[in-house]
$ cat query-v7.cif   # mmCIF, C-alpha atoms (C1' of nucleotides)
data_protein
loop_
_atom_site.label_atom_id
_atom_site.label_comp_id
_atom_site.auth_asym_id
_atom_site.auth_seq_id
_atom_site.Cartn_x
_atom_site.Cartn_y
_atom_site.Cartn_z
CA MET A 1 0.00 0.00 0.00
CA GLY A 2 2.00 2.97 -1.26
CA LYS A 3 1.10 6.59 -0.78
CA SER A 4 -0.27 6.69 -4.30
CA ASN A 5 -2.99 4.26 -3.29
CA LEU A 6 -4.18 6.42 -0.46
CA ALA A 7 -5.15 9.21 -2.80
CA ALA A 8 -6.91 7.08 -5.39
CA GLU A 9 -10.68 7.03 -5.65
CA ILE A 10 -10.68 3.92 -7.72
CA LEU A 11 -8.41 0.91 -7.54
CA LEU A 12 -8.20 -0.99 -10.81
CA PHE A 13 -6.75 -4.48 -10.55
CA THR A 14 -6.09 -6.27 -13.84
CA ASP A 15 -4.66 -9.50 -15.16
CA GLY A 16 -4.41 -11.40 -18.42
CA ALA A 17 -3.86 -15.05 -19.19
CA CYS A 18 -3.13 -16.97 -22.33
CA SER A 19 -3.23 -20.69 -22.88
CA GLY A 20 -0.52 -21.26 -25.44
CA ASN A 21 0.87 -17.84 -26.37
CA PRO A 22 -0.30 -17.42 -28.97
CA GLY A 23 -3.52 -19.19 -28.14
CA PRO A 24 -6.88 -18.70 -26.47
CA GLY A 25 -6.70 -15.83 -24.01
CA GLY A 26 -8.65 -14.19 -21.23
CA TRP A 27 -8.51 -10.94 -19.31
CA ALA A 28 -10.13 -9.69 -16.10
CA ALA A 29 -10.40 -6.54 -14.04
CA ILE A 30 -11.66 -5.64 -10.61
CA LEU A 31 -12.68 -2.05 -9.97
CA ARG A 32 -13.02 -0.95 -6.38
CA HIS A 33 -14.51 2.38 -5.40
CA VAL A 34 -12.48 3.13 -2.30
CA GLU A 35 -14.97 5.32 -0.45
CA SER A 36 -18.03 3.17 -0.93
CA ASP A 37 -16.10 -0.09 -1.09
CA LYS A 38 -18.28 -1.05 -4.03
CA GLU A 39 -16.75 -3.47 -6.48
CA LYS A 40 -17.25 -4.26 -10.14
CA LYS A 41 -15.78 -7.26 -11.91
CA ILE A 42 -15.45 -7.73 -15.64
CA SER A 43 -13.76 -10.29 -17.84
CA GLY A 44 -13.53 -11.39 -21.43
CA SER A 45 -11.77 -13.66 -23.85
CA GLU A 46 -10.37 -13.99 -27.34
CA ALA A 47 -9.94 -17.11 -29.42
CA ARG A 48 -6.37 -16.40 -30.52
CA THR A 49 -4.18 -13.79 -28.91
CA THR A 50 -1.00 -13.35 -26.86
CA ASN A 51 -0.22 -13.01 -23.19
CA ASN A 52 0.75 -9.37 -23.56
CA ARG A 53 -2.33 -8.41 -25.54
CA MET A 54 -4.50 -9.85 -22.79
CA GLU A 55 -2.68 -7.83 -20.16
CA LEU A 56 -3.31 -4.73 -22.24
CA MET A 57 -6.96 -5.63 -22.79
CA ALA A 58 -7.53 -6.02 -19.07
CA ALA A 59 -6.32 -2.48 -18.47
CA ILE A 60 -8.25 -1.07 -21.44
CA GLU A 61 -11.55 -2.64 -20.48
CA GLY A 62 -10.99 -1.74 -16.86
CA LEU A 63 -10.57 1.92 -17.74
CA ARG A 64 -13.54 1.79 -20.09
CA ALA A 65 -15.66 0.63 -17.18
CA ILE A 66 -14.97 3.88 -15.35
CA ASN A 67 -17.47 6.64 -15.86
CA ALA A 68 -15.87 9.27 -18.08
CA ASP A 69 -18.12 12.13 -16.98
CA ARG A 70 -15.17 13.58 -15.10
CA ARG A 71 -11.54 12.82 -14.27
CA HIS A 72 -11.09 10.26 -11.54
CA ARG A 73 -8.03 9.42 -9.52
CA VAL A 74 -7.36 5.87 -10.62
CA CYS A 75 -4.61 3.52 -9.44
CA LEU A 76 -3.94 0.76 -11.96
CA ILE A 77 -2.47 -2.33 -10.34
CA SER A 78 -1.06 -5.08 -12.54
CA ASP A 79 1.50 -7.86 -12.35
CA SER A 80 2.57 -7.07 -15.92
CA GLN A 81 5.77 -5.08 -16.20
CA TYR A 82 4.92 -4.84 -19.88
CA VAL A 83 1.82 -2.80 -19.04
CA ILE A 84 3.17 -0.78 -16.11
CA PHE A 85 6.57 0.09 -17.57
CA GLY A 86 4.99 0.66 -20.96
CA LEU A 87 2.60 3.25 -19.57
CA THR A 88 5.00 4.91 -17.16
CA GLN A 89 8.25 4.89 -19.11
CA TRP A 90 8.37 3.46 -22.61
CA ILE A 91 5.38 5.10 -24.24
CA LYS A 92 6.95 8.56 -24.21
CA GLY A 93 9.81 7.28 -26.33
CA TRP A 94 7.47 5.43 -28.66
CA ILE A 95 5.47 8.55 -29.32
CA ALA A 96 8.63 10.58 -29.83
CA ASN A 97 10.00 7.97 -32.24
CA ASP A 98 6.76 7.47 -34.15
CA TRP A 99 6.03 4.14 -32.51
CA ARG A 100 9.40 2.62 -33.26
CA ARG A 101 11.62 0.80 -30.79
CA GLY A 102 14.57 3.11 -30.90
CA LYS A 103 15.83 6.29 -32.44
CA LYS A 104 17.20 4.80 -35.63
CA SER A 105 14.98 5.31 -38.64
CA ASN A 106 14.89 1.61 -39.42
CA ALA A 107 14.22 0.57 -35.85
CA PRO A 108 11.56 -2.14 -35.64
CA PRO A 109 8.00 -1.03 -34.92
CA VAL A 110 6.41 -1.29 -31.50
CA LEU A 111 3.97 -4.18 -31.48
CA ASN A 112 0.35 -4.07 -30.34
CA VAL A 113 0.21 -0.39 -31.28
CA ASP A 114 -3.54 -0.56 -31.66
CA LEU A 115 -3.99 -1.47 -28.02
CA TRP A 116 -1.26 0.85 -26.76
CA LYS A 117 -2.85 3.85 -28.47
CA THR A 118 -6.25 3.00 -27.07
CA LEU A 119 -4.88 2.45 -23.59
CA TYR A 120 -2.92 5.69 -23.72
CA GLU A 121 -5.96 7.71 -24.70
CA LEU A 122 -8.03 6.19 -21.93
CA SER A 123 -5.30 6.82 -19.39
CA GLN A 124 -5.20 10.48 -20.39
CA GLN A 125 -8.82 10.90 -19.35
CA HIS A 126 -8.04 10.33 -15.69
CA ASP A 127 -5.41 11.09 -13.07
CA MET A 128 -3.52 7.86 -13.09
CA THR A 129 -1.08 6.23 -10.75
CA TYR A 130 0.45 2.85 -11.31
CA GLU A 131 1.62 -0.02 -9.22
CA HIS A 132 3.35 -3.22 -10.19
CA VAL A 133 2.75 -6.27 -8.03
CA ARG A 134 4.41 -9.62 -8.33
CA GLY A 135 2.17 -12.30 -9.76
CA HIS A 136 1.15 -15.30 -7.69
CA SER A 137 2.54 -13.88 -4.50
CA GLY A 138 -0.54 -13.78 -2.35
CA HIS A 139 -1.98 -10.55 -3.64
CA LEU A 140 -5.72 -11.14 -3.16
CA GLU A 141 -7.23 -9.11 -5.97
CA ASN A 142 -4.50 -10.05 -8.41
CA GLU A 143 -5.11 -13.71 -7.78
CA GLU A 144 -8.82 -13.23 -8.18
CA CYS A 145 -8.23 -11.53 -11.51
CA ASP A 146 -6.04 -14.44 -12.51
CA ARG A 147 -8.79 -16.90 -11.69
CA MET A 148 -11.33 -14.85 -13.61
CA ALA A 149 -9.09 -14.60 -16.66
CA VAL A 150 -8.42 -18.32 -16.66
CA ALA A 151 -12.13 -18.98 -16.21
CA ALA A 152 -12.86 -16.80 -19.22
CA ILE A 153 -10.60 -19.02 -21.32
CA LYS A 154 -12.35 -22.08 -20.05
CA ASP A 155 -15.75 -20.61 -20.91
CA LEU A 156 -14.45 -19.78 -24.35
CA LYS A 157 -13.31 -23.34 -24.91
CA ARG A 158 -16.69 -24.66 -23.83
CA GLY A 159 -18.41 -22.26 -26.17
CA ASN A 160 -20.14 -20.54 -23.27
CA ASP A 161 -18.73 -17.12 -23.93
CA MET B 1 13.37 -22.06 -54.96
CA GLY B 2 14.58 -19.80 -57.75
CA LYS B 3 15.77 -20.92 -61.14
CA SER B 4 19.34 -20.40 -60.01
CA ASN B 5 19.01 -23.18 -57.48
CA LEU B 6 17.85 -25.68 -60.03
CA ALA B 7 21.06 -25.37 -61.95
CA ALA B 8 23.39 -25.59 -58.95
CA GLU B 9 25.36 -28.75 -58.24
CA ILE B 10 26.19 -27.65 -54.74
CA LEU B 11 24.13 -25.68 -52.26
CA LEU B 12 26.24 -23.85 -49.71
CA PHE B 13 24.38 -22.61 -46.64
CA THR B 14 26.34 -20.39 -44.26
CA ASP B 15 25.89 -18.42 -41.07
CA GLY B 16 27.98 -16.58 -38.53
CA ALA B 17 27.44 -15.73 -34.88
CA CYS B 18 29.21 -13.50 -32.43
CA SER B 19 28.70 -13.31 -28.71
CA GLY B 20 29.19 -9.64 -27.92
CA ASN B 21 30.10 -8.09 -31.29
CA PRO B 22 32.93 -7.73 -31.02
CA GLY B 23 33.54 -10.86 -28.99
CA PRO B 24 33.95 -14.61 -29.32
CA GLY B 25 32.58 -15.72 -32.68
CA GLY B 26 31.57 -18.83 -34.57
CA TRP B 27 30.79 -19.72 -38.16
CA ALA B 28 29.19 -22.72 -39.82
CA ALA B 29 28.44 -24.06 -43.29
CA ILE B 30 26.37 -26.86 -44.75
CA LEU B 31 27.34 -28.12 -48.20
CA ARG B 32 24.79 -30.20 -50.03
CA HIS B 33 25.61 -32.07 -53.23
CA VAL B 34 22.28 -31.84 -54.97
CA GLU B 35 22.51 -34.95 -57.11
CA SER B 36 23.72 -37.36 -54.46
CA ASP B 37 22.03 -35.51 -51.60
CA LYS B 38 25.23 -35.95 -49.63
CA GLU B 39 25.90 -33.34 -46.99
CA LYS B 40 28.98 -31.96 -45.31
CA LYS B 41 28.93 -29.72 -42.27
CA ILE B 42 31.80 -27.61 -41.00
CA SER B 43 32.19 -25.01 -38.30
CA GLY B 44 34.81 -23.04 -36.46
CA SER B 45 35.40 -20.24 -34.01
CA GLU B 46 37.58 -17.28 -33.11
CA ALA B 47 38.29 -15.78 -29.73
CA ARG B 48 37.62 -12.16 -30.69
CA THR B 49 35.95 -11.11 -33.91
CA THR B 50 32.80 -9.46 -35.30
CA ASN B 51 29.50 -10.70 -36.63
CA ASN B 52 30.31 -9.70 -40.18
CA ARG B 53 33.74 -11.31 -40.17
CA MET B 54 32.11 -14.54 -39.06
CA GLU B 55 29.58 -14.30 -41.88
CA LEU B 56 32.46 -13.88 -44.30
CA MET B 57 34.43 -16.74 -42.74
CA ALA B 58 31.49 -19.10 -43.10
CA ALA B 59 31.39 -18.41 -46.84
CA ILE B 60 35.17 -18.64 -47.20
CA GLU B 61 35.50 -21.94 -45.39
CA GLY B 62 32.44 -23.28 -47.16
CA LEU B 63 33.99 -22.57 -50.55
CA ARG B 64 37.32 -23.98 -49.41
CA ALA B 65 35.57 -27.24 -48.63
CA ILE B 66 34.64 -27.63 -52.30
CA ASN B 67 37.03 -29.63 -54.44
CA ALA B 68 38.86 -27.19 -56.71
CA ASP B 69 39.80 -29.74 -59.36
CA ARG B 70 37.24 -28.17 -61.66
CA ARG B 71 34.62 -25.43 -61.66
CA HIS B 72 31.38 -26.30 -59.89
CA ARG B 73 28.02 -24.61 -60.04
CA VAL B 74 27.61 -23.39 -56.48
CA CYS B 75 24.69 -21.53 -54.93
CA LEU B 76 25.69 -19.62 -51.81
CA ILE B 77 22.78 -19.04 -49.45
CA SER B 78 23.18 -16.65 -46.53
CA ASP B 79 21.07 -14.39 -44.33
CA SER B 80 23.76 -11.73 -44.49
CA GLN B 81 23.11 -8.98 -46.96
CA TYR B 82 26.61 -7.86 -46.17
CA VAL B 83 27.94 -11.05 -47.75
CA ILE B 84 25.41 -11.44 -50.56
CA PHE B 85 25.26 -7.83 -51.73
CA GLY B 86 28.98 -7.48 -51.17
CA LEU B 87 29.70 -10.29 -53.56
CA THR B 88 27.02 -9.52 -56.13
CA GLN B 89 27.08 -5.73 -56.25
CA TRP B 90 29.50 -3.83 -54.10
CA ILE B 91 32.76 -5.64 -54.71
CA LYS B 92 33.04 -4.47 -58.33
CA GLY B 93 33.08 -0.89 -57.18
CA TRP B 94 35.51 -1.63 -54.40
CA ILE B 95 37.98 -3.19 -56.82
CA ALA B 96 37.55 -0.34 -59.26
CA ASN B 97 38.16 2.18 -56.49
CA ASP B 98 41.12 0.38 -54.96
CA TRP B 99 39.07 -0.94 -52.01
CA ARG B 100 37.59 2.39 -51.08
CA ARG B 101 33.94 3.11 -50.43
CA GLY B 102 33.54 5.61 -53.21
CA LYS B 103 35.31 7.16 -56.13
CA LYS B 104 37.02 9.95 -54.29
CA SER B 105 40.64 9.25 -53.46
CA ASN B 106 39.99 10.15 -49.84
CA ALA B 107 36.93 7.91 -49.51
CA PRO B 108 37.05 5.69 -46.43
CA PRO B 109 38.55 2.23 -46.91
CA VAL B 110 36.47 -0.92 -47.13
CA LEU B 111 36.81 -2.94 -43.93
CA ASN B 112 37.65 -6.63 -43.67
CA VAL B 113 39.57 -6.38 -46.94
CA ASP B 114 41.63 -9.44 -46.06
CA LEU B 115 38.54 -11.61 -45.97
CA TRP B 116 36.86 -9.95 -48.94
CA LYS B 117 39.90 -10.56 -51.16
CA THR B 118 40.09 -14.21 -50.10
CA LEU B 119 36.39 -14.72 -50.61
CA TYR B 120 36.48 -13.05 -54.00
CA GLU B 121 39.30 -15.27 -55.23
CA LEU B 122 37.51 -18.40 -54.07
CA SER B 123 34.29 -17.31 -55.71
CA GLN B 124 36.09 -16.82 -59.03
CA GLN B 125 37.03 -20.50 -59.08
CA HIS B 126 33.42 -21.62 -59.49
CA ASP B 127 30.22 -20.63 -61.25
CA MET B 128 28.43 -18.89 -58.44
CA THR B 129 24.86 -17.90 -57.81
CA TYR B 130 23.68 -16.21 -54.66
CA GLU B 131 20.56 -16.14 -52.56
CA HIS B 132 19.65 -14.09 -49.54
CA VAL B 133 17.27 -15.60 -46.99
CA ARG B 134 15.82 -13.94 -43.94
CA GLY B 135 17.33 -15.11 -40.68
CA HIS B 136 15.25 -16.87 -38.06
CA SER B 137 12.28 -17.28 -40.34
CA GLY B 138 11.98 -21.02 -40.44
CA HIS B 139 14.63 -21.69 -43.06
CA LEU B 140 15.85 -25.15 -42.03
CA GLU B 141 19.47 -25.12 -43.14
CA ASN B 142 19.97 -21.53 -42.11
CA GLU B 143 18.74 -22.28 -38.63
CA GLU B 144 20.92 -25.37 -38.44
CA CYS B 145 23.94 -23.27 -39.40
CA ASP B 146 22.95 -20.82 -36.71
CA ARG B 147 22.89 -23.56 -34.11
CA MET B 148 26.24 -24.90 -35.27
CA ALA B 149 27.86 -21.47 -35.17
CA VAL B 150 26.54 -20.83 -31.67
CA ALA B 151 27.70 -24.29 -30.59
CA ALA B 152 31.17 -23.47 -31.90
CA ILE B 153 31.30 -20.45 -29.62
CA LYS B 154 30.21 -22.56 -26.70
CA ASP B 155 32.93 -25.10 -27.41
CA LEU B 156 35.43 -22.30 -27.61
CA LYS B 157 34.37 -20.98 -24.24
CA ARG B 158 34.70 -24.43 -22.72
CA GLY B 159 38.15 -24.78 -24.21
CA ASN B 160 37.06 -27.72 -26.34
CA ASP B 161 37.87 -26.15 -29.65
"C1'" G C 1 18.18 8.62 -44.90
"C1'" G C 2 17.93 3.11 -45.92
"C1'" A C 3 19.07 -2.28 -45.20
"C1'" C C 4 20.70 -6.88 -43.36
"C1'" A C 5 22.86 -9.12 -39.48
"C1'" C C 6 25.09 -9.87 -34.52
"C1'" C C 7 24.52 -9.40 -29.51
"C1'" G C 8 23.72 -7.89 -24.02
"C1'" G C 9 19.73 -7.37 -20.48
"C1'" G C 10 14.67 -7.80 -18.39
"C1'" U C 11 9.47 -9.53 -17.70
"C1'" U C 12 5.60 -12.80 -18.75
"C1'" A C 13 3.26 -17.02 -20.80
"C1'" C C 14 3.40 -22.18 -22.23
"C1'" DG D 1 13.16 -26.05 -24.43
"C1'" DT D 2 9.76 -22.03 -27.47
"C1'" DA D 3 6.88 -17.91 -27.79
"C1'" DA D 4 5.34 -13.06 -26.72
"C1'" DC D 5 7.18 -8.45 -25.41
"C1'" DC D 6 10.36 -4.56 -23.89
"C1'" DC D 7 15.14 -1.89 -22.99
"C1'" DG D 8 20.14 -0.98 -24.47
"C1'" DG D 9 24.06 -1.60 -27.95
"C1'" DT D 10 27.76 -2.84 -32.36
"C1'" DG D 11 29.21 -4.57 -37.19
"C1'" DT D 12 28.93 -3.08 -42.05
"C1'" DC D 13 27.21 -1.59 -46.44
"C1'" DC D 14 24.41 1.75 -49.80
#

$ encode --input "query-v7.cif" --output "structure tokens"
Amino acid sequence: MGKSNLAAEILLFTDGACSGNPGPGGWAAILRHVESDKEKKISGSEARTTNNRMELMAAIEGLRAINADRRHRVCLISDSQYVIFGLTQWIKGWIANDWRRGKKSNAPPVLNVDLWKTLYELSQQHDMTYEHVRGHSGHLENEECDRMAVAAIKDLKRGND
Amino acid sequence: MGKSNLAAEILLFTDGACSGNPGPGGWAAILRHVESDKEKKISGSEARTTNNRMELMAAIEGLRAINADRRHRVCLISDSQYVIFGLTQWIKGWIANDWRRGKKSNAPPVLNVDLWKTLYELSQQHDMTYEHVRGHSGHLENEECDRMAVAAIKDLKRGND
RNA sequence: GGACACCGGGUUAC
DNA sequence: GTAACCCGGTGTCC
């Protein structure tokens, strides 16, 4: 529980899972309104995707579930360094370098740009803080997200999506 | 499978690797006699070299492994544009300009001239065709050469060379 | 400005 | 072991 958490109105826990990478994937998010302690849970799946795309989707759909009528103070909590470092550090360079992975003109393109652009726009609509937690280390909400994401894959495979 | 391949008697696949660039390096070549389907594999290493020198060495040693009693139709297949374009396009200009990278007398010198001269002489002894393949894109012999070159470095590091 | 290679490091998922 | 992703670099040429 860092200082950043104390100020947040909304805690957004996210996780993604992928059975095969690439393969069937699921994502999940838990939104907690700190003051009221109300919680919302959402999850979804895709037939063929990657682990990183599911981590991004969890954050995107989580942010989409927040009312955009005004800016909220949101703390995004994920076990994905890809998501957290991407949003807090790497994305500035990507934008500066026209979504390439480096300054050289023939540097390879950043992947999953579609999701990164969407996530970036959504993050700009609120006052965001970020926290990286280690996966599978007893973090309650993170583990619940993990279970939900895995369940979403299972539903997909059973055709119950 | 271009026309050029159909005519070749010998397919020569090559690759180089370098752990650090510059650093310990390895090279490898697979020679396939098309008619008999017989194969020969060779590899080697150097304690301190560069990626491009190893790519050149792979081609040099590959050509050296071909019997020079008469001219053979050889197709050299490499993922190094440095090697393929060097041999098919650039080297004419280098020779014309006394191994300089341009026509001006103060143009910078071509690097690795020792290897380029050796490779050029060897290539003149046969009827060569050339093919560039993308690295790490599922090309069987190229990937096998890659493994052999990396293994050569490993042997070197273990002192088993 | 362009291209092909060669690495070093880190995280996750199978 | 392989695959999805990111950061940082050099070797070489046009």

$ residues_around --input "query-v7.cif" --residues "Ala68 (chain B)" --least-positions-apart "5" --cutoff "10 Å" --atoms "all atoms listed in the file" --output "list in words"
Leu63, Leu122, Gln125 and His126 of chain B

$ atom_distance --input "query-v7.cif" --atom1 "CA of Glu39 (chain B)" --atom2 "CA of Lys154 (chain B)"
23.4 Å

$ closest_atom_pairs --input "query-v7.cif" --of "chain C" --to "chain B" --cutoff "7 Å" --atoms "all atoms listed in the file" --output "tab-separated table"
residue	atom	partner	partner_atom	distance
C:C4	C1'	B:Gln81	CA	4.8
C:A5	C1'	B:Ser80	CA	5.7
C:C6	C1'	B:Asn51	CA	5.0
C:C7	C1'	B:Gly20	CA	4.9
C:G8	C1'	B:Gly20	CA	6.9

$ interface_residues --input "query-v7.cif" --of "chain D" --to "chain B" --cutoff "7 Å" --atoms "all atoms listed in the file" --output "ChimeraX atom specification"
/D:10-13

$ atom_distance --input "query-v7.cif" --atom1 "CA of Ile91 (chain B)" --atom2 "CA of Tyr120 (chain B)"
8.3 Å

$ closest_residue --input "query-v7.cif" --among "A:Ile42, A:Leu156, A:Ile10, A:Leu56" --to "DC5 (chain D)" --atoms "only C-alpha atoms (C1' of nucleotides)"
A:Leu56

$ atom_distance --input "query-v7.cif" --atom1 "CA of Glu35 (chain B)" --atom2 "CA of Leu140 (chain B)"
19.2 Å

$ calpha_fit_and_write --input "query-v7.cif" --fixed "chain A" --moving "chain B" --output "compact mmCIF listing (two decimals) with C-alpha atoms, in the coordinates of the input"
# COMPACT_ATOMS: atom_id res chain seq x y z
CA MET B 1 0.29 0.40 0.25
CA GLY B 2 2.13 3.36 -1.25
CA LYS B 3 1.14 6.97 -0.92
CA SER B 4 -0.26 6.86 -4.43
CA ASN B 5 -2.93 4.41 -3.35
CA LEU B 6 -4.14 6.61 -0.55
CA ALA B 7 -5.08 9.33 -2.96
CA ALA B 8 -6.84 7.10 -5.49
CA GLU B 9 -10.63 7.05 -5.73
CA ILE B 10 -10.62 3.89 -7.77
CA LEU B 11 -8.34 0.88 -7.58
CA LEU B 12 -8.15 -1.03 -10.84
CA PHE B 13 -6.69 -4.53 -10.59
CA THR B 14 -6.07 -6.33 -13.88
CA ASP B 15 -4.65 -9.58 -15.20
CA GLY B 16 -4.44 -11.49 -18.44
CA ALA B 17 -4.04 -15.17 -19.24
CA CYS B 18 -3.33 -17.09 -22.38
CA SER B 19 -3.52 -20.81 -22.90
CA GLY B 20 -0.69 -21.54 -25.31
CA ASN B 21 0.77 -18.09 -26.07
CA PRO B 22 -0.29 -17.58 -28.68
CA GLY B 23 -3.62 -19.27 -28.10
CA PRO B 24 -7.01 -18.74 -26.51
CA GLY B 25 -6.80 -15.86 -24.05
CA GLY B 26 -8.72 -14.24 -21.23
CA TRP B 27 -8.55 -10.98 -19.32
CA ALA B 28 -10.14 -9.75 -16.12
CA ALA B 29 -10.39 -6.59 -14.04
CA ILE B 30 -11.62 -5.68 -10.58
CA LEU B 31 -12.61 -2.06 -9.99
CA ARG B 32 -12.93 -0.95 -6.40
CA HIS B 33 -14.43 2.40 -5.44
CA VAL B 34 -12.38 3.14 -2.36
CA GLU B 35 -14.85 5.35 -0.53
CA SER B 36 -17.93 3.20 -0.95
CA ASP B 37 -15.99 -0.06 -1.10
CA LYS B 38 -18.19 -1.06 -4.01
CA GLU B 39 -16.66 -3.48 -6.47
CA LYS B 40 -17.18 -4.28 -10.12
CA LYS B 41 -15.70 -7.28 -11.87
CA ILE B 42 -15.42 -7.76 -15.61
CA SER B 43 -13.78 -10.32 -17.84
CA GLY B 44 -13.59 -11.41 -21.43
CA SER B 45 -11.83 -13.68 -23.87
CA GLU B 46 -10.43 -14.02 -27.37
CA ALA B 47 -10.00 -17.11 -29.48
CA ARG B 48 -6.39 -16.48 -30.49
CA THR B 49 -4.18 -13.87 -28.88
CA THR B 50 -1.05 -13.45 -26.74
CA ASN B 51 -0.36 -13.06 -23.06
CA ASN B 52 0.70 -9.45 -23.43
CA ARG B 53 -2.31 -8.47 -25.51
CA MET B 54 -4.53 -9.89 -22.79
CA GLU B 55 -2.68 -7.89 -20.15
CA LEU B 56 -3.28 -4.78 -22.22
CA MET B 57 -6.94 -5.66 -22.81
CA ALA B 58 -7.55 -6.06 -19.10
CA ALA B 59 -6.31 -2.51 -18.50
CA ILE B 60 -8.23 -1.12 -21.48
CA GLU B 61 -11.53 -2.67 -20.53
CA GLY B 62 -10.98 -1.78 -16.90
CA LEU B 63 -10.55 1.88 -17.78
CA ARG B 64 -13.52 1.75 -20.13
CA ALA B 65 -15.65 0.60 -17.22
CA ILE B 66 -14.96 3.88 -15.42
CA ASN B 67 -17.48 6.65 -15.94
CA ALA B 68 -15.86 9.27 -18.17
CA ASP B 69 -18.09 12.15 -17.09
CA ARG B 70 -15.16 13.61 -15.20
CA ARG B 71 -11.55 12.81 -14.37
CA HIS B 72 -11.06 10.23 -11.62
CA ARG B 73 -7.99 9.40 -9.61
CA VAL B 74 -7.31 5.84 -10.68
CA CYS B 75 -4.57 3.49 -9.50
CA LEU B 76 -3.88 0.72 -12.00
CA ILE B 77 -2.39 -2.37 -10.38
CA SER B 78 -0.97 -5.13 -12.57
CA ASP B 79 1.63 -7.89 -12.42
CA SER B 80 2.70 -7.06 -15.95
CA GLN B 81 5.79 -4.95 -16.21
CA TYR B 82 4.99 -4.77 -19.88
CA VAL B 83 1.85 -2.79 -19.05
CA ILE B 84 3.15 -0.78 -16.10
CA PHE B 85 6.54 0.20 -17.50
CA GLY B 86 5.01 0.68 -20.92
CA LEU B 87 2.61 3.25 -19.59
CA THR B 88 4.95 4.96 -17.14
CA GLN B 89 8.23 4.99 -19.04
CA TRP B 90 8.40 3.54 -22.50
CA ILE B 91 5.39 5.08 -24.20
CA LYS B 92 6.86 8.60 -24.19
CA GLY B 93 9.76 7.41 -26.26
CA TRP B 94 7.53 5.43 -28.56
CA ILE B 95 5.40 8.48 -29.31
CA ALA B 96 8.47 10.63 -29.80
CA ASN B 97 9.93 8.07 -32.19
CA ASP B 98 6.73 7.46 -34.13
CA TRP B 99 6.08 4.10 -32.43
CA ARG B 100 9.51 2.71 -33.05
CA ARG B 101 11.75 1.05 -30.49
CA GLY B 102 14.55 3.54 -30.77
CA LYS B 103 15.53 6.80 -32.35
CA LYS B 104 16.86 5.42 -35.59
CA SER B 105 14.42 5.65 -38.47
CA ASN B 106 14.92 1.97 -39.19
CA ALA B 107 14.36 0.86 -35.59
CA PRO B 108 11.89 -2.00 -35.29
CA PRO B 109 8.26 -1.03 -34.72
CA VAL B 110 6.53 -1.31 -31.37
CA LEU B 111 4.11 -4.23 -31.38
CA ASN B 112 0.47 -4.15 -30.31
CA VAL B 113 0.31 -0.48 -31.30
CA ASP B 114 -3.46 -0.68 -31.71
CA LEU B 115 -3.90 -1.56 -28.07
CA TRP B 116 -1.20 0.78 -26.81
CA LYS B 117 -2.80 3.77 -28.55
CA THR B 118 -6.23 2.91 -27.14
CA LEU B 119 -4.85 2.39 -23.67
CA TYR B 120 -2.90 5.62 -23.80
CA GLU B 121 -5.96 7.65 -24.79
CA LEU B 122 -8.02 6.12 -22.00
CA SER B 123 -5.30 6.78 -19.47
CA GLN B 124 -5.19 10.45 -20.46
CA GLN B 125 -8.81 10.86 -19.42
CA HIS B 126 -8.02 10.29 -15.74
CA ASP B 127 -5.38 11.07 -13.15
CA MET B 128 -3.48 7.82 -13.15
CA THR B 129 -1.04 6.20 -10.79
CA TYR B 130 0.48 2.81 -11.36
CA GLU B 131 1.67 -0.08 -9.25
CA HIS B 132 3.39 -3.28 -10.19
CA VAL B 133 2.79 -6.35 -8.03
CA ARG B 134 4.43 -9.73 -8.33
CA GLY B 135 2.18 -12.41 -9.75
CA HIS B 136 1.21 -15.45 -7.73
CA SER B 137 2.62 -14.07 -4.52
CA GLY B 138 -0.47 -13.96 -2.39
CA HIS B 139 -1.88 -10.69 -3.69
CA LEU B 140 -5.62 -11.25 -3.23
CA GLU B 141 -7.12 -9.18 -6.03
CA ASN B 142 -4.40 -10.13 -8.46
CA GLU B 143 -5.03 -13.79 -7.85
CA GLU B 144 -8.77 -13.29 -8.19
CA CYS B 145 -8.21 -11.59 -11.54
CA ASP B 146 -6.05 -14.51 -12.54
CA ARG B 147 -8.82 -16.95 -11.72
CA MET B 148 -11.37 -14.88 -13.60
CA ALA B 149 -9.17 -14.62 -16.68
CA VAL B 150 -8.55 -18.36 -16.69
CA ALA B 151 -12.28 -18.98 -16.19
CA ALA B 152 -12.99 -16.79 -19.21
CA ILE B 153 -10.79 -19.03 -21.33
CA LYS B 154 -12.58 -22.07 -20.03
CA ASP B 155 -15.95 -20.57 -20.89
CA LEU B 156 -14.66 -19.76 -24.33
CA LYS B 157 -13.55 -23.33 -24.86
CA ARG B 158 -16.95 -24.60 -23.77
CA GLY B 159 -18.63 -22.21 -26.15
CA ASN B 160 -20.33 -20.38 -23.30
CA ASP B 161 -18.82 -17.02 -24.01

$ resolve_selection --input "query-v7.cif" --expression "the PyMOL selection byres ((chain A and resi 99) around 10)" --output "list in words"
Ile91, Lys92, Gly93, Trp94, Ile95, Ala96, Asn97, Asp98, Arg100, Arg101, Gly102, Ala107, Pro108, Pro109, Val110, Leu111, Val113, Trp116 and Lys117 of chain A

$ residues_around --input "query-v7.cif" --residues "Glu61 (chain A)" --least-positions-apart "5" --cutoff "9 Å" --atoms "all atoms listed in the file" --output "ChimeraX atom specification"
/A:27-29,42-43,56,66,119

$ residues_around --input "query-v7.cif" --residues "Asp127 (chain A)" --least-positions-apart "2" --cutoff "9 Å" --atoms "only C-alpha atoms (C1' of nucleotides)" --output "JSON, numbers by chain"
{"A": [8, 71, 72, 73, 74, 75, 123, 124, 125, 129]}

$ resolve_selection --input "query-v7.cif" --expression "the PyMOL selection byres ((chain D and resi 8) around 8)" --output "list of chain:residue names"
C:G8, C:G9, D:DC7, D:DG9

$ write_last_selection --input "query-v7.cif" --atoms "C-alpha atoms (C1' of nucleotides)" --output "short mmCIF file (atom, residue, chain, number, x, y, z; two decimals), in the frame of the given file"
data_model
loop_
_atom_site.label_atom_id
_atom_site.label_comp_id
_atom_site.auth_asym_id
_atom_site.auth_seq_id
_atom_site.Cartn_x
_atom_site.Cartn_y
_atom_site.Cartn_z
"C1'" G C 8 23.72 -7.89 -24.02
"C1'" G C 9 19.73 -7.37 -20.48
"C1'" DC D 7 15.14 -1.89 -22.99
"C1'" DG D 9 24.06 -1.60 -27.95
#
